[in-house]
file structure_23.csv (CSV, C-alpha atoms)
chain,number,residue,atom,x,y,z
H,1,MET,CA,-13.8,25.6,13.1
H,2,LYS,CA,-15.0,22.0,13.1
H,3,VAL,CA,-12.2,19.6,14.2
H,4,ILE,CA,-12.6,16.0,13.4
H,5,ALA,CA,-10.3,13.2,14.5
H,6,VAL,CA,-9.8,10.3,12.2
H,7,ILE,CA,-8.7,7.1,14.1
H,8,PRO,CA,-7.8,4.2,11.9
H,9,ALA,CA,-8.0,1.0,13.9
H,10,TYR,CA,-7.1,-2.6,13.1
H,11,ASN,CA,-7.5,-5.2,15.9
H,12,GLU,CA,-7.1,-2.5,18.7
H,13,LYS,CA,-9.6,-3.8,21.2
H,14,GLU,CA,-7.2,-3.3,24.1
H,15,THR,CA,-6.8,0.4,23.5
H,16,ILE,CA,-9.6,1.8,21.3
H,17,VAL,CA,-12.0,2.7,24.1
H,18,LYS,CA,-9.3,4.5,26.1
H,19,VAL,CA,-8.2,6.4,23.0
H,20,ILE,CA,-11.7,7.4,22.1
H,21,LYS,CA,-12.5,8.6,25.6
H,22,GLU,CA,-9.3,10.7,25.7
H,23,VAL,CA,-9.8,12.3,22.3
H,24,LYS,CA,-13.6,12.8,22.4
H,25,PRO,CA,-13.6,16.0,24.7
H,26,LEU,CA,-10.9,17.6,22.6
H,27,VAL,CA,-12.5,17.5,19.2
H,28,ASP,CA,-15.9,18.2,17.7
H,29,LYS,CA,-16.3,14.7,16.2
H,30,ILE,CA,-14.5,11.4,16.0
H,31,ILE,CA,-14.5,9.1,13.0
H,32,VAL,CA,-13.1,5.6,13.7
H,33,VAL,CA,-12.2,3.6,10.6
H,34,ASP,CA,-12.3,-0.1,11.6
H,35,ASP,CA,-10.0,-1.6,9.0
H,36,GLY,CA,-11.5,-5.1,8.8
H,37,SER,CA,-10.6,-6.0,12.4
H,38,THR,CA,-11.2,-9.6,13.4
H,39,ASP,CA,-11.5,-8.8,17.1
H,40,ASP,CA,-14.1,-6.6,18.9
H,41,THR,CA,-12.7,-3.2,17.9
H,42,TYR,CA,-15.8,-2.3,15.8
H,43,ARG,CA,-18.3,-3.2,18.5
H,44,LEU,CA,-16.3,-1.4,21.2
H,45,ALA,CA,-15.9,1.7,19.1
H,46,GLU,CA,-19.6,1.8,18.3
H,47,GLU,CA,-20.5,1.5,22.0
H,48,GLN,CA,-18.6,4.8,22.5
H,49,GLU,CA,-21.2,6.6,20.3
H,50,VAL,CA,-18.8,7.8,17.7
H,51,LYS,CA,-19.1,7.5,13.9
H,52,VAL,CA,-17.5,4.2,12.9
H,53,LEU,CA,-16.8,3.4,9.2
H,54,ARG,CA,-16.1,-0.2,8.6
H,55,HIS,CA,-13.8,-1.7,5.9
H,56,LEU,CA,-15.2,-5.2,5.1
H,57,VAL,CA,-11.6,-6.4,4.6
H,58,ASN,CA,-8.3,-5.2,5.9
H,59,ARG,CA,-6.8,-2.7,3.5
H,60,GLY,CA,-4.0,-1.0,5.5
H,61,GLN,CA,-3.6,2.2,7.4
H,62,GLY,CA,-3.2,4.4,4.4
H,63,ALA,CA,-6.5,3.2,3.0
H,64,ALA,CA,-8.3,3.6,6.3
H,65,LEU,CA,-7.0,7.2,6.6
H,66,GLN,CA,-8.3,8.1,3.1
H,67,THR,CA,-11.7,6.6,4.0
H,68,GLY,CA,-11.6,8.6,7.2
H,69,ASN,CA,-10.6,11.8,5.4
H,70,GLN,CA,-13.5,11.4,3.0
H,71,GLY,CA,-15.9,10.7,5.8
H,72,ALA,CA,-14.7,13.7,7.7
H,73,LEU,CA,-14.9,16.0,4.7
H,74,ALA,CA,-18.5,14.8,4.1
H,75,ALA,CA,-19.2,15.6,7.8
H,76,GLY,CA,-18.0,19.2,7.3
H,77,ALA,CA,-14.6,19.1,8.8
H,78,ASP,CA,-12.5,22.2,8.7
H,79,VAL,CA,-9.5,20.5,10.3
H,80,ILE,CA,-8.8,16.7,10.2
H,81,VAL,CA,-6.5,15.2,12.8
H,82,HIS,CA,-5.0,11.7,12.2
H,83,PHE,CA,-4.6,9.9,15.5
H,84,ASP,CA,-3.4,6.3,16.0
H,85,ALA,CA,-5.6,3.8,17.8
H,86,ASP,CA,-2.8,2.1,19.7
H,87,GLY,CA,-2.6,4.7,22.4
H,88,GLN,CA,1.0,5.9,21.5
H,89,PHE,CA,0.0,9.5,21.0
H,90,LEU,CA,-1.1,12.0,23.7
H,91,ALA,CA,-4.5,13.4,23.1
H,92,SER,CA,-3.6,16.5,25.0
H,93,GLU,CA,-1.2,17.4,22.1
H,94,ILE,CA,-4.1,17.6,19.5
H,95,ALA,CA,-4.5,21.3,20.4
H,96,ASP,CA,-0.8,21.9,19.4
H,97,LEU,CA,-1.4,20.4,16.0
H,98,VAL,CA,-4.7,22.2,15.3
H,99,LYS,CA,-3.6,25.6,16.5
H,100,PRO,CA,-1.4,26.6,13.5
H,101,ILE,CA,-4.2,25.7,11.1
H,102,LYS,CA,-6.8,27.7,13.2
H,103,GLU,CA,-4.4,30.6,13.2
H,104,LYS,CA,-3.8,30.3,9.4
H,105,GLU,CA,-0.1,29.7,10.0
H,106,ALA,CA,-0.2,26.3,8.2
H,107,GLU,CA,-2.4,24.0,6.1
H,108,ALA,CA,-0.6,20.8,7.2
H,109,VAL,CA,0.9,20.2,10.6
H,110,PHE,CA,3.1,17.2,11.4
H,111,GLY,CA,4.0,16.0,14.9
H,112,SER,CA,7.7,15.4,15.4
H,113,ARG,CA,9.5,13.2,17.9
H,114,PHE,CA,12.7,15.1,17.3
H,115,LEU,CA,11.8,18.6,18.4
H,116,GLU,CA,11.8,19.9,22.0
H,117,LYS,CA,9.8,17.1,23.6
H,118,LYS,CA,11.6,13.8,24.1
H,119,SER,CA,10.1,10.5,23.2
H,120,GLU,CA,11.8,7.3,24.3
H,121,ILE,CA,12.5,6.0,20.9
H,122,PRO,CA,14.2,2.6,20.7
H,123,TRP,CA,17.9,3.0,19.9
H,124,PHE,CA,17.8,1.0,16.6
H,125,LYS,CA,14.8,2.9,15.4
H,126,LYS,CA,16.3,6.3,16.3
H,127,LYS,CA,19.8,5.7,15.0
H,128,ILE,CA,19.2,3.4,12.0
H,129,ILE,CA,15.6,3.2,10.8
H,130,LEU,CA,14.5,6.8,11.1
H,131,PRO,CA,17.7,8.3,9.5
H,132,LEU,CA,17.2,5.8,6.7
H,133,ALA,CA,13.5,6.9,6.4
H,134,ARG,CA,14.7,10.5,6.3
H,135,MET,CA,17.0,9.6,3.5
H,136,VAL,CA,14.2,7.9,1.6
H,137,ASN,CA,12.1,11.0,2.0
H,138,LYS,CA,14.9,13.1,0.7
H,139,ILE,CA,15.2,10.9,-2.4
H,140,PHE,CA,11.5,10.5,-3.1
H,141,ILE,CA,10.2,13.9,-2.1
H,142,ASN,CA,13.3,16.1,-1.9
H,143,GLN,CA,12.2,17.4,1.5
H,144,GLU,CA,13.5,16.8,4.9
H,145,LEU,CA,11.1,17.0,7.9
H,146,THR,CA,12.6,16.1,11.2
H,147,ASP,CA,10.2,13.1,11.6
H,148,PRO,CA,9.7,11.3,8.3
H,149,GLN,CA,7.3,8.7,9.7
H,150,SER,CA,5.1,10.6,12.0
H,151,GLY,CA,1.5,9.4,11.9
H,152,PHE,CA,0.3,12.3,14.1
H,153,ARG,CA,-0.8,15.1,11.8
H,154,ALA,CA,-3.5,17.7,11.1
H,155,LEU,CA,-4.7,18.8,7.7
H,156,SER,CA,-6.8,21.8,6.8
H,157,ARG,CA,-10.0,21.0,4.8
H,158,GLU,CA,-8.3,22.4,1.6
H,159,ALA,CA,-5.3,20.1,2.1
H,160,ALA,CA,-7.4,17.0,2.8
H,161,GLU,CA,-9.5,17.7,-0.3
H,162,LYS,CA,-6.5,18.1,-2.5
H,163,ILE,CA,-4.5,15.1,-1.1
H,164,GLU,CA,-5.7,11.6,-2.0
H,165,ILE,CA,-3.8,8.9,-0.2
H,166,VAL,CA,-3.3,6.1,-2.7
H,167,ASN,CA,-0.7,4.1,-0.8
H,168,ASP,CA,-2.9,1.7,1.2
H,169,LYS,CA,-0.2,0.6,3.6
H,170,MET,CA,2.5,2.4,5.6
H,171,ALA,CA,4.0,4.4,2.7
H,172,HIS,CA,1.2,6.9,3.2
H,173,ASN,CA,3.4,8.9,5.6
H,174,THR,CA,5.9,9.7,2.8
H,175,GLU,CA,3.1,10.1,0.3
H,176,ILE,CA,1.2,12.7,2.4
H,177,GLN,CA,4.3,14.7,3.0
H,178,TYR,CA,5.2,14.6,-0.7
H,179,LYS,CA,1.7,15.7,-1.8
H,180,VAL,CA,1.6,18.5,0.8
H,181,PHE,CA,4.9,19.8,-0.5
H,182,LYS,CA,4.0,19.3,-4.1
H,183,SER,CA,0.7,21.2,-3.7
H,184,GLY,CA,2.5,24.1,-2.1
H,185,PHE,CA,0.6,24.0,1.2
H,186,LYS,CA,2.2,25.8,4.2
H,187,ILE,CA,3.7,23.2,6.6
H,188,LYS,CA,4.6,23.3,10.2
H,189,GLU,CA,6.2,20.8,12.5
H,190,VAL,CA,5.3,20.7,16.2
H,191,PRO,CA,6.9,18.7,19.0
H,192,MET,CA,5.0,15.5,20.0
H,193,THR,CA,5.5,12.7,22.4
H,194,VAL,CA,5.3,9.1,21.5
H,195,ILE,CA,4.8,6.5,24.2
H,196,TYR,CA,6.3,3.3,22.8
H,197,ARG,CA,4.3,0.2,23.7
H,198,GLY,CA,6.1,-2.0,21.1
H,199,PHE,CA,8.8,-1.4,18.6
H,200,GLY,CA,6.4,0.0,16.0
H,201,GLN,CA,7.6,0.0,12.4
H,202,ARG,CA,10.4,-2.6,12.0
H,203,PHE,CA,13.2,-2.7,9.4
H,204,LYS,CA,11.1,-5.1,7.3
H,205,GLY,CA,8.3,-2.6,7.4
H,206,GLY,CA,10.7,0.1,6.1
H,207,VAL,CA,11.7,-2.1,3.2
H,208,GLU,CA,8.0,-2.7,2.4
H,209,ILE,CA,7.5,1.1,2.4
H,210,ILE,CA,10.3,1.6,-0.2
H,211,LYS,CA,8.8,-1.2,-2.3
H,212,ASP,CA,5.3,0.4,-2.1
H,213,LEU,CA,6.7,3.8,-3.0
H,214,LEU,CA,8.6,2.4,-6.0
H,215,LEU,CA,5.5,0.5,-7.2
H,216,ALA,CA,3.3,3.5,-6.8
H,217,LYS,CA,5.8,5.6,-8.8
H,218,LEU,CA,5.7,3.0,-11.6
H,219,MET,CA,1.9,2.7,-11.5
H,220,ASP,CA,1.4,6.5,-11.8
C,221,MET,CA,19.2,-33.6,-32.8
C,222,LEU,CA,17.1,-35.7,-30.4
C,223,GLN,CA,16.8,-32.8,-28.0
C,224,ARG,CA,15.4,-30.6,-30.7
C,225,ILE,CA,12.9,-33.2,-31.8
C,226,LEU,CA,11.8,-33.6,-28.1
C,227,ALA,CA,11.5,-29.8,-27.8
C,228,LEU,CA,9.4,-29.6,-31.0
C,229,VAL,CA,7.1,-32.5,-29.7
C,230,ILE,CA,6.6,-30.6,-26.5
C,231,ILE,CA,5.7,-27.4,-28.5
C,232,VAL,CA,3.3,-29.4,-30.7
C,233,PHE,CA,1.6,-30.7,-27.5
C,234,PHE,CA,1.2,-27.2,-26.1
C,235,LEU,CA,-0.1,-26.0,-29.4
C,236,SER,CA,-2.7,-28.7,-29.5
C,237,ARG,CA,-3.7,-27.8,-26.0
C,238,LEU,CA,-4.0,-24.2,-27.0
C,239,PHE,CA,-6.3,-25.1,-29.9
C,240,TRP,CA,-8.3,-27.4,-27.7
C,241,GLN,CA,-8.8,-24.5,-25.2
C,242,LYS,CA,-9.8,-22.1,-27.9
C,243,LYS,CA,-12.3,-24.6,-29.3
C,244,ASN,CA,-13.8,-25.0,-25.9
C,245,LYS,CA,-13.8,-21.2,-25.4
C,246,GLN,CA,-11.7,-21.4,-22.3
C,247,ILE,CA,-9.4,-18.6,-23.5
C,248,GLY,CA,-10.1,-15.3,-25.3
C,249,VAL,CA,-8.8,-14.3,-28.7
C,250,ASN,CA,-6.0,-12.1,-27.4
C,251,GLU,CA,-4.6,-14.7,-25.2
C,252,PHE,CA,-4.9,-17.3,-27.9
C,253,VAL,CA,-3.0,-15.1,-30.4
C,254,PHE,CA,-0.3,-14.3,-27.8
C,255,TRP,CA,0.4,-18.0,-26.9
C,256,LEU,CA,0.1,-19.0,-30.6
C,257,ILE,CA,2.8,-16.5,-31.6
C,258,PHE,CA,4.9,-17.5,-28.5
C,259,TRP,CA,4.9,-21.2,-29.3
C,260,LEU,CA,5.4,-20.8,-33.0
C,261,LEU,CA,8.3,-18.4,-32.5
C,262,THR,CA,9.8,-20.9,-30.0
C,263,GLY,CA,9.5,-23.6,-32.6
C,264,VAL,CA,11.1,-21.5,-35.3
C,265,LEU,CA,14.0,-20.6,-33.0
C,266,ILE,CA,14.6,-24.3,-32.2
C,267,ILE,CA,14.5,-25.2,-35.9
C,268,CYS,CA,16.9,-22.3,-36.6
C,269,LEU,CA,19.2,-23.1,-33.7
C,270,LYS,CA,22.3,-23.6,-35.9
C,271,TRP,CA,21.7,-20.3,-37.6
C,272,ILE,CA,21.3,-18.7,-34.1
C,273,ASP,CA,24.6,-20.3,-33.1
C,274,ARG,CA,26.3,-18.6,-36.0
C,275,LEU,CA,24.6,-15.3,-35.3
C,276,VAL,CA,25.5,-15.4,-31.6
C,277,ALA,CA,29.2,-16.2,-32.5
C,278,SER,CA,29.3,-13.4,-35.1
C,279,LEU,CA,28.0,-11.0,-32.4
C,280,GLY,CA,31.0,-12.0,-30.2
C,281,PHE,CA,29.2,-14.0,-27.5
C,282,SER,CA,31.1,-17.1,-26.2
C,283,GLY,CA,27.9,-19.1,-25.4
C,284,SER,CA,25.9,-21.2,-27.8
C,285,GLY,CA,22.6,-20.2,-29.3
C,286,ILE,CA,20.5,-22.2,-26.8
C,287,GLU,CA,22.2,-20.5,-23.9
C,288,ILE,CA,21.3,-17.1,-25.3
C,289,LEU,CA,17.7,-18.3,-25.8
C,290,LEU,CA,17.7,-19.3,-22.1
C,291,TYR,CA,19.0,-15.9,-21.0
C,292,LEU,CA,16.4,-14.2,-23.2
C,293,GLY,CA,13.7,-16.5,-21.7
C,294,ILE,CA,14.6,-15.5,-18.2
C,295,ALA,CA,14.6,-11.8,-19.2
C,296,VAL,CA,11.1,-12.2,-20.7
C,297,LEU,CA,9.9,-14.0,-17.5
C,298,PHE,CA,11.2,-11.1,-15.3
C,299,TYR,CA,9.3,-8.7,-17.5
C,300,LEU,CA,6.1,-10.7,-17.3
C,301,ILE,CA,6.4,-10.9,-13.5
C,302,PHE,CA,6.9,-7.1,-13.4
C,303,ARG,CA,3.8,-6.6,-15.5
C,304,LEU,CA,1.9,-9.0,-13.3
C,305,ARG,CA,3.0,-7.0,-10.2
C,306,LEU,CA,1.7,-3.8,-11.7
C,307,ARG,CA,-1.6,-5.5,-12.6
C,308,LEU,CA,-1.9,-6.8,-9.0
C,309,GLY,CA,-1.1,-3.3,-7.6
C,310,LYS,CA,-3.9,-1.9,-9.7
C,311,MET,CA,-6.3,-4.6,-8.6
C,312,GLU,CA,-5.4,-3.9,-5.0
C,313,ARG,CA,-6.3,-0.2,-5.5
C,314,ASP,CA,-9.6,-1.2,-7.1
C,315,ILE,CA,-10.4,-3.4,-4.2
C,316,THR,CA,-9.7,-0.6,-1.8
C,317,LYS,CA,-12.0,1.7,-3.8
C,318,ILE,CA,-14.8,-0.8,-3.5
C,319,VAL,CA,-14.2,-1.4,0.2
C,320,ARG,CA,-14.2,2.4,0.8
C,321,ALA,CA,-17.3,3.0,-1.2
C,322,VAL,CA,-19.2,0.4,0.9
C,323,ALA,CA,-17.8,1.9,4.2
C,324,LEU,CA,-18.8,5.4,3.2
C,325,LYS,CA,-22.2,4.5,1.8
C,326,ASN,CA,-23.3,2.8,5.0
C,327,PRO,CA,-21.4,4.0,8.1
C,328,ALA,CA,-22.4,0.9,10.0
C,329,ALA,CA,-21.3,-1.1,6.9
C,330,ASP,CA,-23.0,-4.4,6.2
C,331,GLU,CA,-22.2,-6.1,9.4
C,332,SER,CA,-23.3,-9.5,8.3
C,333,ALA,CA,-21.2,-9.3,5.2
C,334,ALA,CA,-18.2,-8.2,7.3
C,335,ASP,CA,-18.8,-11.1,9.7
C,336,ASP,CA,-18.9,-13.5,6.8
C,337,SER,CA,-15.6,-12.1,5.6
C,338,VAL,CA,-14.1,-12.5,9.0
C,339,LYS,CA,-15.5,-16.0,9.2
C,340,SER,CA,-14.1,-17.0,5.8
C,341,ARG,CA,-10.7,-15.5,6.7
C,342,ARG,CA,-10.6,-17.5,10.0
C,343,GLU,CA,-11.5,-20.6,8.1
C,344,MET,CA,-8.7,-20.0,5.6
C,345,GLU,CA,-6.3,-19.4,8.5
C,346,LEU,CA,-7.3,-22.7,10.0
call {"tool": "encode", "arguments": {"input": "structure_23.csv", "output": "structure tokens"}}
result
Amino acid sequence: MKVIAVIPAYNEKETIVKVIKEVKPLVDKIIVVDDGSTDDTYRLAEEQEVKVLRHLVNRGQGAALQTGNQGALAAGADVIVHFDADGQFLASEIADLVKPIKEKEAEAVFGSRFLEKKSEIPWFKKKIILPLARMVNKIFINQELTDPQSGFRALSREAAEKIEIVNDKMAHNTEIQYKVFKSGFKIKEVPMTVIYRGFGQRFKGGVEIIKDLLLAKLMD
Amino acid sequence: MLQRILALVIIVFFLSRLFWQKKNKQIGVNEFVFWLIFWLLTGVLIICLKWIDRLVASLGFSGSGIEILLYLGIAVLFYLIFRLRLRLGKMERDITKIVRAVALKNPAADESAADDSVKSRREMEL
């Protein structure tokens, strides 16, 4: 099975090389989607001899992931892993995400910060933002995964072909989960570790996500 | 009375601008018709203000006709902003489709074009 990691990157010159070096031995191919970075991210990624797709202007993480999915499908991926470029995920956990798909246990696997492994999640995020996000997911998609905003996931080829991410910004997490449920794909959550370098998604970002979800609902 | 005359003068001014723009082909037929109906309707409502006052009173509202017109105007503005928002959202999606097509067509993308884009963004930021 061909496993391709899609790494969306926007102004990640500090971490992109380290992330690529860590992920490269664990997958068959890497596709970095440089989302219109204004720093050296594109050049640094290219120097690592991985495929780099470049957005001419910044379109958001959701848009970059969809571009990466299409690139990975065209490159013959059987499993697509979404991996952040900021170095918050552990590359060693990619195998945990890919395994259920390889063993036909699931078609979509989501990493969760709330299962056995313990991530040091900032208090406000753990107690306020993520419960609110869980509630939003419950309202919008009527499903409750333990980690509603996890960006670490793996999709089978069939799932990636079926799911088109139309939310360009951060609402893509909810959108992907919704579409996976709606399409009836088998889902599994596996424990993951997140190393927080900053706060990550802030409350304002959460409000933006709800706004984008509402707008997307009205546009569809 | 003076206020109504002033309002009508303003409407006549906008109507003359509208015809001037149409004559110079600065606006399309659809837009011209929309604004023509809008300003004519506004003019008619101002002329019929007394009648609207009576209508509003008979419907049980305590405010005057002009107040109701203002409320309606605000509601229409909100609706137009909402429509604009949806249109913008669709444009954003279209831009993403173009950006994606370029990225996938040429994996290395057109570096010079991207550099131009970065440059122009930096100039805008300055």
call {"tool": "atom_distance", "arguments": {"input": "structure_23.csv", "atom1": "atom CA of Thr193 of chain H", "atom2": "atom CA of Ile4 of chain H"}}
result
20.5 Å
call {"tool": "interface_residues", "arguments": {"input": "structure_23.csv", "of": "chain H", "to": "chain C", "cutoff": "7 Å", "atoms": "all atoms listed in the file", "output": "short mmCIF file (atom, residue, chain, number, x, y, z; two decimals) with C-alpha atoms, in the frame of the given file"}}
result
data_model
loop_
_atom_site.label_atom_id
_atom_site.label_comp_id
_atom_site.auth_asym_id
_atom_site.auth_seq_id
_atom_site.Cartn_x
_atom_site.Cartn_y
_atom_site.Cartn_z
CA THR H 38 -11.20 -9.60 13.40
CA VAL H 52 -17.50 4.20 12.90
CA LEU H 53 -16.80 3.40 9.20
CA ARG H 54 -16.10 -0.20 8.60
CA HIS H 55 -13.80 -1.70 5.90
CA LEU H 56 -15.20 -5.20 5.10
CA ARG H 59 -6.80 -2.70 3.50
CA ALA H 63 -6.50 3.20 3.00
CA THR H 67 -11.70 6.60 4.00
CA GLY H 71 -15.90 10.70 5.80
CA MET H 219 1.90 2.70 -11.50
#
call {"tool": "atom_distance", "arguments": {"input": "structure_23.csv", "atom1": "atom CA of Glu175 of chain H", "atom2": "atom CA of Gly68 of chain H"}}
result
16.3 Å
call {"tool": "atom_distance", "arguments": {"input": "structure_23.csv", "atom1": "atom CA of Phe234 of chain C", "atom2": "atom CA of Val276 of chain C"}}
result
27.6 Å
call {"tool": "residues_near_point", "arguments": {"input": "structure_23.csv", "point": "(17.9, -15.7, -25.5)", "cutoff": "12 Å", "atoms": "only C-alpha atoms", "output": "JSON, numbers by chain"}}
result
{"C": [262, 265, 266, 269, 272, 273, 275, 276, 281, 283, 284, 285, 286, 287, 288, 289, 290, 291, 292, 293, 294, 295, 296, 297]}
call {"tool": "residues_near_point", "arguments": {"input": "structure_23.csv", "point": "(-4.2, 29.7, 12.1)", "cutoff": "12 Å", "atoms": "all atoms listed in the file", "output": "count of residues only"}}
result
23
call {"tool": "closest_residue", "arguments": {"input": "structure_23.csv", "among": "H:Tyr42, H:Tyr10, H:Tyr196, H:Phe110", "to": "Gln177 of chain H", "atoms": "all atoms listed in the file"}}
result
H:Phe110
call {"tool": "axis_aligned_box", "arguments": {"input": "structure_23.csv", "around": "segment 9-24 of chain H", "padding_each_side": "6 Å", "output": "lines of an AutoDock Vina configuration file"}}
result
center_x = -10.2
center_y = 3.8
center_z = 19.6
size_x = 18.8
size_y = 30.0
size_z = 25.0
